[in-house]
file data09.tsv (TSV, C-alpha atoms)
chain	number	residue	atom	x	y	z
A	206	MET	CA	1.08	-7.79	16.91
A	207	GLU	CA	0.17	-11.20	15.54
A	208	PRO	CA	0.64	-13.86	18.25
A	209	VAL	CA	3.67	-16.10	17.91
A	210	THR	CA	4.63	-19.53	19.24
A	211	LEU	CA	7.96	-20.43	20.82
A	212	THR	CA	9.39	-23.86	21.59
A	213	THR	CA	11.99	-25.16	24.01
A	214	GLU	CA	13.29	-28.64	24.69
A	215	ARG	CA	10.30	-29.55	26.86
A	216	LEU	CA	7.76	-26.80	26.33
A	217	LEU	CA	5.52	-25.06	23.86
A	218	LEU	CA	4.75	-21.38	24.43
A	219	ARG	CA	1.62	-20.46	22.50
A	220	PRO	CA	-1.20	-17.92	22.76
A	221	PHE	CA	-3.91	-18.74	25.28
A	222	GLU	CA	-7.04	-20.28	23.78
A	223	PRO	CA	-10.61	-20.78	25.06
A	224	ARG	CA	-9.81	-24.47	25.70
A	225	ASP	CA	-7.38	-23.35	28.43
A	226	ALA	CA	-10.12	-21.95	30.67
A	227	ASP	CA	-10.45	-25.06	32.85
A	228	ALA	CA	-6.70	-25.32	33.46
A	229	VAL	CA	-6.32	-21.58	34.16
A	230	HIS	CA	-9.26	-21.66	36.57
A	231	ALA	CA	-7.80	-24.66	38.41
A	232	ALA	CA	-4.29	-23.14	38.63
A	233	CYS	CA	-5.57	-19.83	39.99
A	234	GLN	CA	-7.22	-21.53	42.95
A	235	ASP	CA	-3.68	-21.85	44.31
A	236	PRO	CA	-3.19	-19.58	47.35
A	237	ASP	CA	0.33	-18.61	46.28
A	238	ILE	CA	-0.79	-17.40	42.85
A	239	ARG	CA	-3.48	-15.28	44.51
A	240	ARG	CA	-1.02	-14.06	47.13
A	241	TRP	CA	1.74	-12.94	44.77
A	242	THR	CA	0.02	-12.02	41.50
A	243	PRO	CA	-2.81	-9.60	40.60
A	244	VAL	CA	-5.37	-12.28	39.69
A	245	PRO	CA	-8.84	-11.77	41.18
A	246	SER	CA	-9.54	-13.45	44.51
A	247	PRO	CA	-11.69	-15.47	44.67
A	248	TYR	CA	-10.91	-16.61	41.14
A	249	GLU	CA	-14.06	-17.77	39.38
A	250	ARG	CA	-14.60	-19.70	36.16
A	251	ALA	CA	-15.85	-16.51	34.50
A	252	HIS	CA	-12.49	-14.85	35.21
A	253	ALA	CA	-10.65	-17.63	33.38
A	254	GLU	CA	-13.03	-17.51	30.42
A	255	GLU	CA	-12.60	-13.74	30.16
A	256	PHE	CA	-8.82	-14.03	30.43
A	257	VAL	CA	-8.32	-16.63	27.71
A	258	GLY	CA	-11.21	-15.62	25.47
A	259	ARG	CA	-10.99	-11.83	25.44
A	260	VAL	CA	-8.14	-10.32	27.48
A	261	CYS	CA	-5.20	-12.25	26.03
A	262	PRO	CA	-6.21	-11.90	22.33
A	263	GLU	CA	-6.96	-8.19	22.74
A	264	GLU	CA	-3.67	-7.53	24.51
A	265	TRP	CA	-1.72	-9.22	21.70
A	266	ARG	CA	-3.67	-7.26	19.10
A	267	ASP	CA	-3.26	-3.90	20.86
A	268	ASP	CA	0.38	-4.45	21.95
A	269	ILE	CA	-0.54	-4.16	25.62
A	270	SER	CA	1.10	-7.43	26.66
A	271	TYR	CA	2.17	-10.65	25.01
A	272	ARG	CA	0.94	-13.57	27.13
A	273	PHE	CA	1.94	-17.14	26.43
A	274	ALA	CA	0.32	-20.32	27.68
A	275	VAL	CA	3.25	-22.52	28.69
A	276	VAL	CA	2.35	-26.16	27.99
A	277	THR	CA	4.33	-29.39	27.95
A	278	ARG	CA	5.29	-30.70	24.54
A	279	ASP	CA	4.70	-34.31	25.52
A	280	GLY	CA	1.13	-33.94	26.72
A	281	GLY	CA	-0.09	-30.37	26.43
A	282	ALA	CA	-0.55	-29.85	30.18
A	283	LEU	CA	-0.70	-26.20	31.18
A	284	VAL	CA	2.44	-25.36	33.16
A	285	GLY	CA	1.67	-21.67	33.60
A	286	SER	CA	1.66	-18.24	32.05
A	287	MET	CA	4.64	-16.26	30.76
A	288	ALA	CA	4.21	-12.68	29.57
A	289	LEU	CA	5.92	-9.55	28.38
A	290	VAL	CA	4.12	-6.63	30.00
A	291	GLN	CA	4.62	-2.87	30.43
A	292	LEU	CA	4.99	-2.55	26.67
A	293	ALA	CA	4.35	1.19	26.56
A	294	ARG	CA	8.11	1.73	26.77
A	295	LEU	CA	8.97	-0.87	24.13
A	296	ARG	CA	8.51	1.44	21.16
A	297	THR	CA	10.18	4.47	22.73
A	298	GLU	CA	13.90	5.19	22.90
A	299	GLU	CA	13.96	3.20	26.16
A	300	HIS	CA	13.13	-0.12	24.40
A	301	GLN	CA	12.09	-1.67	27.70
A	302	ALA	CA	9.56	-4.24	28.85
A	303	GLU	CA	8.89	-6.38	31.92
A	304	LEU	CA	8.61	-10.14	32.33
A	305	GLY	CA	5.81	-11.65	34.42
A	306	TYR	CA	4.73	-15.23	35.08
A	307	TRP	CA	2.97	-17.73	37.26
A	308	THR	CA	3.28	-21.50	37.51
A	309	ALA	CA	0.61	-24.08	38.30
A	310	PRO	CA	1.50	-25.70	41.64
A	311	GLU	CA	1.81	-29.25	40.28
A	312	HIS	CA	4.49	-28.14	37.80
A	313	ARG	CA	6.79	-26.26	40.16
A	314	ARG	CA	10.39	-27.20	40.95
A	315	ARG	CA	10.96	-28.86	37.57
A	316	GLY	CA	12.74	-25.95	35.90
A	317	TYR	CA	9.86	-25.39	33.49
A	318	THR	CA	9.30	-21.72	34.24
A	319	GLY	CA	12.97	-20.82	34.03
A	320	GLU	CA	13.15	-22.65	30.70
A	321	ALA	CA	10.16	-20.72	29.39
A	322	ALA	CA	11.52	-17.44	30.72
A	323	ARG	CA	14.82	-17.90	28.90
A	324	ALA	CA	12.97	-18.47	25.64
A	325	VAL	CA	10.91	-15.30	26.03
A	326	VAL	CA	13.96	-13.28	27.08
A	327	GLU	CA	15.85	-14.32	23.95
A	328	TRP	CA	12.80	-13.63	21.76
A	329	ALA	CA	12.38	-10.19	23.32
A	330	PHE	CA	16.00	-9.27	22.60
A	331	THR	CA	16.31	-10.75	19.12
A	332	ALA	CA	12.85	-10.23	17.63
A	333	LEU	CA	11.42	-7.21	19.45
A	334	GLY	CA	14.49	-5.05	20.02
A	335	VAL	CA	14.15	-4.96	23.81
A	336	GLU	CA	17.29	-3.42	25.34
A	337	ARG	CA	16.39	-3.73	29.02
A	338	LEU	CA	14.01	-6.34	30.38
A	339	GLU	CA	12.87	-5.89	33.95
A	340	TRP	CA	11.41	-8.24	36.53
A	341	CYS	CA	9.75	-7.32	39.77
A	342	ALA	CA	7.95	-9.22	42.48
A	343	GLN	CA	6.77	-8.58	46.00
A	344	VAL	CA	9.56	-8.89	48.52
A	345	GLY	CA	9.35	-12.44	49.85
A	346	ASN	CA	8.27	-14.12	46.61
A	347	GLU	CA	11.22	-16.49	46.60
A	348	GLY	CA	9.83	-18.69	43.83
A	349	SER	CA	9.58	-15.83	41.36
A	350	ARG	CA	13.04	-14.62	42.34
A	351	ALA	CA	14.52	-18.08	41.75
A	352	VAL	CA	13.03	-18.19	38.26
A	353	ALA	CA	14.40	-14.73	37.46
A	354	LEU	CA	17.88	-15.74	38.58
A	355	ALA	CA	17.67	-18.95	36.55
A	356	ALA	CA	16.77	-16.88	33.49
A	357	GLY	CA	19.81	-14.63	33.94
A	358	PHE	CA	18.33	-11.59	35.63
A	359	ARG	CA	20.55	-9.60	37.97
A	360	MET	CA	19.01	-8.32	41.17
A	361	GLU	CA	19.20	-4.53	41.41
A	362	GLY	CA	17.41	-3.54	44.60
A	363	ILE	CA	14.13	-2.95	46.38
A	364	ASP	CA	11.56	-0.45	45.14
A	365	ARG	CA	9.48	0.88	48.01
A	366	ALA	CA	5.70	0.75	47.61
A	367	ARG	CA	5.96	-0.28	43.94
A	368	ILE	CA	3.18	-2.87	43.88
A	369	VAL	CA	-0.43	-2.25	44.92
A	370	HIS	CA	-1.94	-5.60	45.91
A	371	HIS	CA	-5.41	-5.95	47.43
A	372	GLY	CA	-5.45	-2.26	48.30
A	373	THR	CA	-2.05	-2.18	50.01
A	374	ARG	CA	1.25	-0.90	48.67
A	375	ARG	CA	4.03	-3.48	48.85
A	376	ASP	CA	7.79	-3.25	48.47
A	377	ALA	CA	9.15	-5.06	45.41
A	378	TRP	CA	12.36	-6.76	44.46
A	379	ARG	CA	13.64	-5.50	41.11
A	380	GLY	CA	15.98	-7.14	38.64
A	381	ALA	CA	16.91	-6.70	35.01
A	382	ILE	CA	18.66	-8.45	32.17
A	383	LEU	CA	20.37	-6.76	29.22
A	384	PRO	CA	21.18	-8.19	25.80
A	385	SER	CA	24.88	-7.90	26.66
A	386	ASP	CA	24.33	-10.33	29.55
A	387	LEU	CA	23.62	-12.96	26.89
A	388	GLY	CA	26.32	-11.78	24.49
A	389	LEU	CA	23.76	-10.05	22.25
A	390	PRO	CA	24.10	-6.57	20.74
A	391	SER	CA	22.01	-3.47	21.49
A	392	THR	CA	21.29	-0.57	19.19
A	393	THR	CA	21.73	2.03	21.94
A	394	PRO	CA	25.25	2.29	23.42
A	395	TYR	CA	25.49	1.58	27.14
A	396	LEU	CA	27.77	3.59	29.47
A	397	PRO	CA	27.82	1.88	32.89
A	398	ALA	CA	28.47	3.94	35.99
A	399	PRO	CA	32.00	3.65	37.41
A	400	GLU	CA	32.04	0.88	40.00
A	401	ARG	CA	33.09	3.24	42.80
A	402	LEU	CA	29.98	5.36	42.16
A	403	ALA	CA	27.58	2.52	41.50
A	404	VAL	CA	27.97	1.21	45.05
A	405	THR	CA	27.84	4.59	46.79
A	406	ASP	CA	24.66	5.71	48.54
A	407	PRO	CA	24.62	9.53	48.45
A	408	ALA	CA	22.28	9.59	51.44
call {"tool": "encode", "arguments": {"input": "data09.tsv", "output": "structure tokens"}}
result
Amino acid sequence: MEPVTLTTERLLLRPFEPRDADAVHAACQDPDIRRWTPVPSPYERAHAEEFVGRVCPEEWRDDISYRFAVVTRDGGALVGSMALVQLARLRTEEHQAELGYWTAPEHRRRGYTGEAARAVVEWAFTALGVERLEWCAQVGNEGSRAVALAAGFRMEGIDRARIVHHGTRRDAWRGAILPSDLGLPSTTPYLPAPERLAVTDPA
């Protein structure tokens, strides 16, 4: 896919470029980004150069993931990364993908990441035909969960041992958002489970 650019009131979401290497390297020194996301640790300058110069362009080209650099419109500062990942299911009858992100520490608690997430969610539904967009994060990652809730995701449960991080399996919170949650149509009809069954644990 050819990379695209999205805009919001305060932000520009554009493809990563080689000029972003310094800002990505600086952001990924943050202990929380290394704790909760799969970036290398320690995170070296070469990792950032590889990420912005080769990985991101190739993943757009090969439809592996669509990663956006989230930057402020009034100064171009890098706020973070916002991505659609797990795209193998996008072009099947499932029409699914997953949203992932990180935020540079100096730009947290300003609503930037939720704003960017909402833009990508709407783009996924209206331009890509996504019919179920998932989010997952290690249990305990309250910041990521807050962003997901702000973007309209509904929490669905805990997946045991879903995430492998630094050689250890971790439980993950899981949420999802559907086009119907935003008043948008889907091609595939949806038949929800009856409420009395949806809350019953057969075990």
call {"tool": "residues_around", "arguments": {"input": "data09.tsv", "residues": "Arg296 of chain A", "least_positions_apart": "4", "cutoff": "12 Å", "atoms": "all atoms listed in the file", "output": "list in words"}}
result
Asp268, Ile269, Gln291, Leu292, His300, Gln301, Ala302, Leu333, Gly334, Val335 and Glu336 of chain A
call {"tool": "closest_atom_pairs", "arguments": {"input": "data09.tsv", "of": "segment 220-294 of chain A", "to": "segment 363-378 of chain A", "cutoff": "12 Å", "atoms": "all atoms listed in the file", "output": "JSON lines"}}
result
{"residue": "A:Arg239", "atom": "CA", "partner": "A:His370", "partner_atom": "CA", "distance": 9.9}
{"residue": "A:Arg240", "atom": "CA", "partner": "A:His370", "partner_atom": "CA", "distance": 8.6}
{"residue": "A:Trp241", "atom": "CA", "partner": "A:His370", "partner_atom": "CA", "distance": 8.3}
{"residue": "A:Thr242", "atom": "CA", "partner": "A:His370", "partner_atom": "CA", "distance": 8.0}
{"residue": "A:Pro243", "atom": "CA", "partner": "A:His370", "partner_atom": "CA", "distance": 6.7}
{"residue": "A:Val244", "atom": "CA", "partner": "A:His370", "partner_atom": "CA", "distance": 9.8}
{"residue": "A:Pro245", "atom": "CA", "partner": "A:His371", "partner_atom": "CA", "distance": 9.2}
{"residue": "A:Ser246", "atom": "CA", "partner": "A:His371", "partner_atom": "CA", "distance": 9.0}
{"residue": "A:Pro247", "atom": "CA", "partner": "A:His371", "partner_atom": "CA", "distance": 11.7}
call {"tool": "closest_atom_pairs", "arguments": {"input": "data09.tsv", "of": "segment 246-327 of chain A", "to": "segment 380-394 of chain A", "cutoff": "12 Å", "atoms": "only C-alpha atoms", "output": "JSON lines"}}
result
{"residue": "A:Thr297", "atom": "CA", "partner": "A:Thr393", "partner_atom": "CA", "distance": 11.8}
{"residue": "A:Glu298", "atom": "CA", "partner": "A:Thr393", "partner_atom": "CA", "distance": 8.5}
{"residue": "A:Glu299", "atom": "CA", "partner": "A:Thr393", "partner_atom": "CA", "distance": 8.9}
{"residue": "A:His300", "atom": "CA", "partner": "A:Thr393", "partner_atom": "CA", "distance": 9.2}
{"residue": "A:Gln301", "atom": "CA", "partner": "A:Leu383", "partner_atom": "CA", "distance": 9.8}
{"residue": "A:Ala302", "atom": "CA", "partner": "A:Ala381", "partner_atom": "CA", "distance": 9.9}
{"residue": "A:Glu303", "atom": "CA", "partner": "A:Ala381", "partner_atom": "CA", "distance": 8.6}
{"residue": "A:Leu304", "atom": "CA", "partner": "A:Ala381", "partner_atom": "CA", "distance": 9.4}
{"residue": "A:Gly305", "atom": "CA", "partner": "A:Gly380", "partner_atom": "CA", "distance": 11.9}
{"residue": "A:Ala322", "atom": "CA", "partner": "A:Ile382", "partner_atom": "CA", "distance": 11.6}
{"residue": "A:Arg323", "atom": "CA", "partner": "A:Leu387", "partner_atom": "CA", "distance": 10.3}
{"residue": "A:Val326", "atom": "CA", "partner": "A:Ile382", "partner_atom": "CA", "distance": 8.4}
{"residue": "A:Glu327", "atom": "CA", "partner": "A:Pro384", "partner_atom": "CA", "distance": 8.3}
call {"tool": "write_last_selection", "arguments": {"input": "data09.tsv", "atoms": "C-alpha atoms", "output": "PDB file, keeping the file's coordinate frame"}}
result
ATOM      1  CA  THR A 297      10.180   4.470  22.730  1.00  0.00           C
ATOM      2  CA  GLU A 298      13.900   5.190  22.900  1.00  0.00           C
ATOM      3  CA  GLU A 299      13.960   3.200  26.160  1.00  0.00           C
ATOM      4  CA  HIS A 300      13.130  -0.120  24.400  1.00  0.00           C
ATOM      5  CA  GLN A 301      12.090  -1.670  27.700  1.00  0.00           C
ATOM      6  CA  ALA A 302       9.560  -4.240  28.850  1.00  0.00           C
ATOM      7  CA  GLU A 303       8.890  -6.380  31.920  1.00  0.00           C
ATOM      8  CA  LEU A 304       8.610 -10.140  32.330  1.00  0.00           C
ATOM      9  CA  GLY A 305       5.810 -11.650  34.420  1.00  0.00           C
ATOM     10  CA  ALA A 322      11.520 -17.440  30.720  1.00  0.00           C
ATOM     11  CA  ARG A 323      14.820 -17.900  28.900  1.00  0.00           C
ATOM     12  CA  VAL A 326      13.960 -13.280  27.080  1.00  0.00           C
ATOM     13  CA  GLU A 327      15.850 -14.320  23.950  1.00  0.00           C
TER      14      GLU A 327
END
call {"tool": "residues_around", "arguments": {"input": "data09.tsv", "residues": "segment 248-259 of chain A", "least_positions_apart": "5", "cutoff": "9 Å", "atoms": "all atoms listed in the file", "output": "ChimeraX atom specification"}}
result
/A:220-231,233-234,239,264
call {"tool": "residues_around", "arguments": {"input": "data09.tsv", "residues": "segment 345-352 of chain A", "least_positions_apart": "3", "cutoff": "7 Å", "atoms": "only C-alpha atoms", "output": "list in words"}}
result
Trp241, Thr318, Gly319, Ala342, Ala355 and Ala356 of chain A
call {"tool": "atom_distance", "arguments": {"input": "data09.tsv", "atom1": "atom CA of Tyr317 of chain A", "atom2": "atom CA of Leu283 of chain A"}}
result
10.8 Å
call {"tool": "atom_distance", "arguments": {"input": "data09.tsv", "atom1": "atom CA of Ala282 of chain A", "atom2": "atom CA of Asp235 of chain A"}}
result
16.5 Å
call {"tool": "closest_residue", "arguments": {"input": "data09.tsv", "among": "A:Ala321, A:Ala353, A:Val284, A:Ala232", "to": "Thr213 of chain A", "atoms": "all atoms listed in the file"}}
result
A:Ala321
call {"tool": "closest_residue", "arguments": {"input": "data09.tsv", "among": "A:Pro399, A:Asp267, A:Gly281, A:Val290", "to": "Ala329 of chain A", "atoms": "all atoms listed in the file"}}
result
A:Val290
call {"tool": "atom_distance", "arguments": {"input": "data09.tsv", "atom1": "atom CA of Leu354 of chain A", "atom2": "atom CA of His312 of chain A"}}
result
18.3 Å
call {"tool": "residues_around", "arguments": {"input": "data09.tsv", "residues": "Leu218 of chain A", "least_positions_apart": "4", "cutoff": "10 Å", "atoms": "all atoms listed in the file", "output": "list in words"}}
result
Val209, Thr210, Leu211, Thr212, Thr213, Arg272, Phe273, Ala274, Val275, Val276, Thr277, Arg278, Leu283, Val284, Gly285, Ser286, Met287, Ala321, Ala324 and Val325 of chain A
call {"tool": "build_atoms", "arguments": {"input": "data09.tsv", "residues": "segment 215-226 of chain A", "atoms": "all heavy atoms", "output": "PDB file, keeping the file's coordinate frame"}}
result
ATOM      1  N   ARG A 215      11.414 -28.843  26.238  1.00  0.00           N
ATOM      2  CA  ARG A 215      10.300 -29.550  26.860  1.00  0.00           C
ATOM      3  C   ARG A 215       8.958 -28.858  26.718  1.00  0.00           C
ATOM      4  O   ARG A 215       7.914 -29.449  27.067  1.00  0.00           O
ATOM      5  CB  ARG A 215      10.590 -29.746  28.356  1.00  0.00           C
ATOM      6  CG  ARG A 215      11.823 -30.571  28.660  1.00  0.00           C
ATOM      7  CD  ARG A 215      12.016 -30.728  30.170  1.00  0.00           C
ATOM      8  NE  ARG A 215      12.302 -29.425  30.805  1.00  0.00           N
ATOM      9  CZ  ARG A 215      12.334 -29.234  32.117  1.00  0.00           C
ATOM     10  NH1 ARG A 215      12.049 -30.238  32.942  1.00  0.00           N
ATOM     11  NH2 ARG A 215      12.630 -28.038  32.620  1.00  0.00           N
ATOM     12  N   LEU A 216       8.955 -27.624  26.222  1.00  0.00           N
ATOM     13  CA  LEU A 216       7.760 -26.800  26.330  1.00  0.00           C
ATOM     14  C   LEU A 216       7.359 -26.170  25.010  1.00  0.00           C
ATOM     15  O   LEU A 216       8.187 -25.959  24.123  1.00  0.00           O
ATOM     16  CB  LEU A 216       8.009 -25.671  27.343  1.00  0.00           C
ATOM     17  CG  LEU A 216       8.409 -26.105  28.752  1.00  0.00           C
ATOM     18  CD1 LEU A 216       8.880 -24.897  29.548  1.00  0.00           C
ATOM     19  CD2 LEU A 216       7.257 -26.808  29.454  1.00  0.00           C
ATOM     20  N   LEU A 217       6.080 -25.852  24.937  1.00  0.00           N
ATOM     21  CA  LEU A 217       5.520 -25.060  23.860  1.00  0.00           C
ATOM     22  C   LEU A 217       4.925 -23.808  24.495  1.00  0.00           C
ATOM     23  O   LEU A 217       4.153 -23.898  25.459  1.00  0.00           O
ATOM     24  CB  LEU A 217       4.429 -25.839  23.125  1.00  0.00           C
ATOM     25  CG  LEU A 217       3.738 -25.142  21.960  1.00  0.00           C
ATOM     26  CD1 LEU A 217       4.697 -25.000  20.785  1.00  0.00           C
ATOM     27  CD2 LEU A 217       2.494 -25.934  21.542  1.00  0.00           C
ATOM     28  N   LEU A 218       5.297 -22.647  23.976  1.00  0.00           N
ATOM     29  CA  LEU A 218       4.750 -21.380  24.430  1.00  0.00           C
ATOM     30  C   LEU A 218       3.876 -20.839  23.311  1.00  0.00           C
ATOM     31  O   LEU A 218       4.372 -20.448  22.257  1.00  0.00           O
ATOM     32  CB  LEU A 218       5.855 -20.377  24.771  1.00  0.00           C
ATOM     33  CG  LEU A 218       6.626 -20.581  26.083  1.00  0.00           C
ATOM     34  CD1 LEU A 218       7.498 -21.829  26.035  1.00  0.00           C
ATOM     35  CD2 LEU A 218       7.481 -19.359  26.396  1.00  0.00           C
ATOM     36  N   ARG A 219       2.581 -20.844  23.540  1.00  0.00           N
ATOM     37  CA  ARG A 219       1.620 -20.460  22.500  1.00  0.00           C
ATOM     38  C   ARG A 219       0.615 -19.478  23.085  1.00  0.00           C
ATOM     39  O   ARG A 219       0.503 -19.333  24.312  1.00  0.00           O
ATOM     40  CB  ARG A 219       0.891 -21.702  21.977  1.00  0.00           C
ATOM     41  CG  ARG A 219       0.164 -22.489  23.049  1.00  0.00           C
ATOM     42  CD  ARG A 219      -0.850 -23.427  22.460  1.00  0.00           C
ATOM     43  NE  ARG A 219      -1.483 -24.296  23.449  1.00  0.00           N
ATOM     44  CZ  ARG A 219      -2.448 -23.917  24.282  1.00  0.00           C
ATOM     45  NH1 ARG A 219      -2.884 -22.664  24.273  1.00  0.00           N
ATOM     46  NH2 ARG A 219      -2.968 -24.786  25.140  1.00  0.00           N
ATOM     47  N   PRO A 220      -0.145 -18.791  22.234  1.00  0.00           N
ATOM     48  CA  PRO A 220      -1.200 -17.920  22.760  1.00  0.00           C
ATOM     49  C   PRO A 220      -2.238 -18.719  23.542  1.00  0.00           C
ATOM     50  O   PRO A 220      -2.506 -19.887  23.226  1.00  0.00           O
ATOM     51  CB  PRO A 220      -1.815 -17.304  21.503  1.00  0.00           C
ATOM     52  CG  PRO A 220      -0.779 -17.464  20.450  1.00  0.00           C
ATOM     53  CD  PRO A 220      -0.034 -18.721  20.772  1.00  0.00           C
ATOM     54  N   PHE A 221      -2.812 -18.104  24.561  1.00  0.00           N
ATOM     55  CA  PHE A 221      -3.910 -18.740  25.280  1.00  0.00           C
ATOM     56  C   PHE A 221      -5.105 -18.903  24.341  1.00  0.00           C
ATOM     57  O   PHE A 221      -5.343 -18.081  23.453  1.00  0.00           O
ATOM     58  CB  PHE A 221      -4.325 -17.899  26.489  1.00  0.00           C
ATOM     59  CG  PHE A 221      -3.466 -18.119  27.700  1.00  0.00           C
ATOM     60  CD1 PHE A 221      -2.418 -17.266  27.988  1.00  0.00           C
ATOM     61  CD2 PHE A 221      -3.708 -19.190  28.547  1.00  0.00           C
ATOM     62  CE1 PHE A 221      -1.622 -17.457  29.105  1.00  0.00           C
ATOM     63  CE2 PHE A 221      -2.929 -19.401  29.680  1.00  0.00           C
ATOM     64  CZ  PHE A 221      -1.879 -18.529  29.953  1.00  0.00           C
ATOM     65  N   GLU A 222      -5.871 -19.971  24.585  1.00  0.00           N
ATOM     66  CA  GLU A 222      -7.040 -20.280  23.780  1.00  0.00           C
ATOM     67  C   GLU A 222      -8.214 -20.583  24.710  1.00  0.00           C
ATOM     68  O   GLU A 222      -8.017 -20.907  25.895  1.00  0.00           O
ATOM     69  CB  GLU A 222      -6.755 -21.501  22.896  1.00  0.00           C
ATOM     70  CG  GLU A 222      -5.561 -21.309  21.958  1.00  0.00           C
ATOM     71  CD  GLU A 222      -5.179 -22.591  21.232  1.00  0.00           C
ATOM     72  OE1 GLU A 222      -5.801 -23.640  21.511  1.00  0.00           O
ATOM     73  OE2 GLU A 222      -4.270 -22.534  20.384  1.00  0.00           O
ATOM     74  N   PRO A 223      -9.457 -20.495  24.206  1.00  0.00           N
ATOM     75  CA  PRO A 223     -10.610 -20.780  25.060  1.00  0.00           C
ATOM     76  C   PRO A 223     -10.538 -22.146  25.738  1.00  0.00           C
ATOM     77  O   PRO A 223     -11.036 -22.303  26.861  1.00  0.00           O
ATOM     78  CB  PRO A 223     -11.790 -20.697  24.083  1.00  0.00           C
ATOM     79  CG  PRO A 223     -11.338 -19.692  23.062  1.00  0.00           C
ATOM     80  CD  PRO A 223      -9.870 -19.957  22.892  1.00  0.00           C
ATOM     81  N   ARG A 224      -9.907 -23.132  25.097  1.00  0.00           N
ATOM     82  CA  ARG A 224      -9.810 -24.470  25.700  1.00  0.00           C
ATOM     83  C   ARG A 224      -8.965 -24.497  26.963  1.00  0.00           C
ATOM     84  O   ARG A 224      -8.971 -25.481  27.705  1.00  0.00           O
ATOM     85  CB  ARG A 224      -9.234 -25.466  24.700  1.00  0.00           C
ATOM     86  CG  ARG A 224      -7.830 -25.118  24.222  1.00  0.00           C
ATOM     87  CD  ARG A 224      -7.290 -26.137  23.253  1.00  0.00           C
ATOM     88  NE  ARG A 224      -6.108 -25.677  22.554  1.00  0.00           N
ATOM     89  CZ  ARG A 224      -5.064 -26.451  22.255  1.00  0.00           C
ATOM     90  NH1 ARG A 224      -5.064 -27.717  22.590  1.00  0.00           N
ATOM     91  NH2 ARG A 224      -4.043 -25.951  21.597  1.00  0.00           N
ATOM     92  N   ASP A 225      -8.226 -23.409  27.236  1.00  0.00           N
ATOM     93  CA  ASP A 225      -7.380 -23.350  28.430  1.00  0.00           C
ATOM     94  C   ASP A 225      -8.128 -22.891  29.669  1.00  0.00           C
ATOM     95  O   ASP A 225      -7.551 -22.851  30.764  1.00  0.00           O
ATOM     96  CB  ASP A 225      -6.199 -22.390  28.199  1.00  0.00           C
ATOM     97  CG  ASP A 225      -5.289 -22.830  27.066  1.00  0.00           C
ATOM     98  OD1 ASP A 225      -4.969 -24.035  27.021  1.00  0.00           O
ATOM     99  OD2 ASP A 225      -4.901 -21.980  26.245  1.00  0.00           O
ATOM    100  N   ALA A 226      -9.391 -22.553  29.541  1.00  0.00           N
ATOM    101  CA  ALA A 226     -10.120 -21.950  30.670  1.00  0.00           C
ATOM    102  C   ALA A 226     -10.137 -22.854  31.890  1.00  0.00           C
ATOM    103  O   ALA A 226      -9.924 -22.389  33.018  1.00  0.00           O
ATOM    104  CB  ALA A 226     -11.537 -21.584  30.239  1.00  0.00           C
TER     105      ALA A 226
END
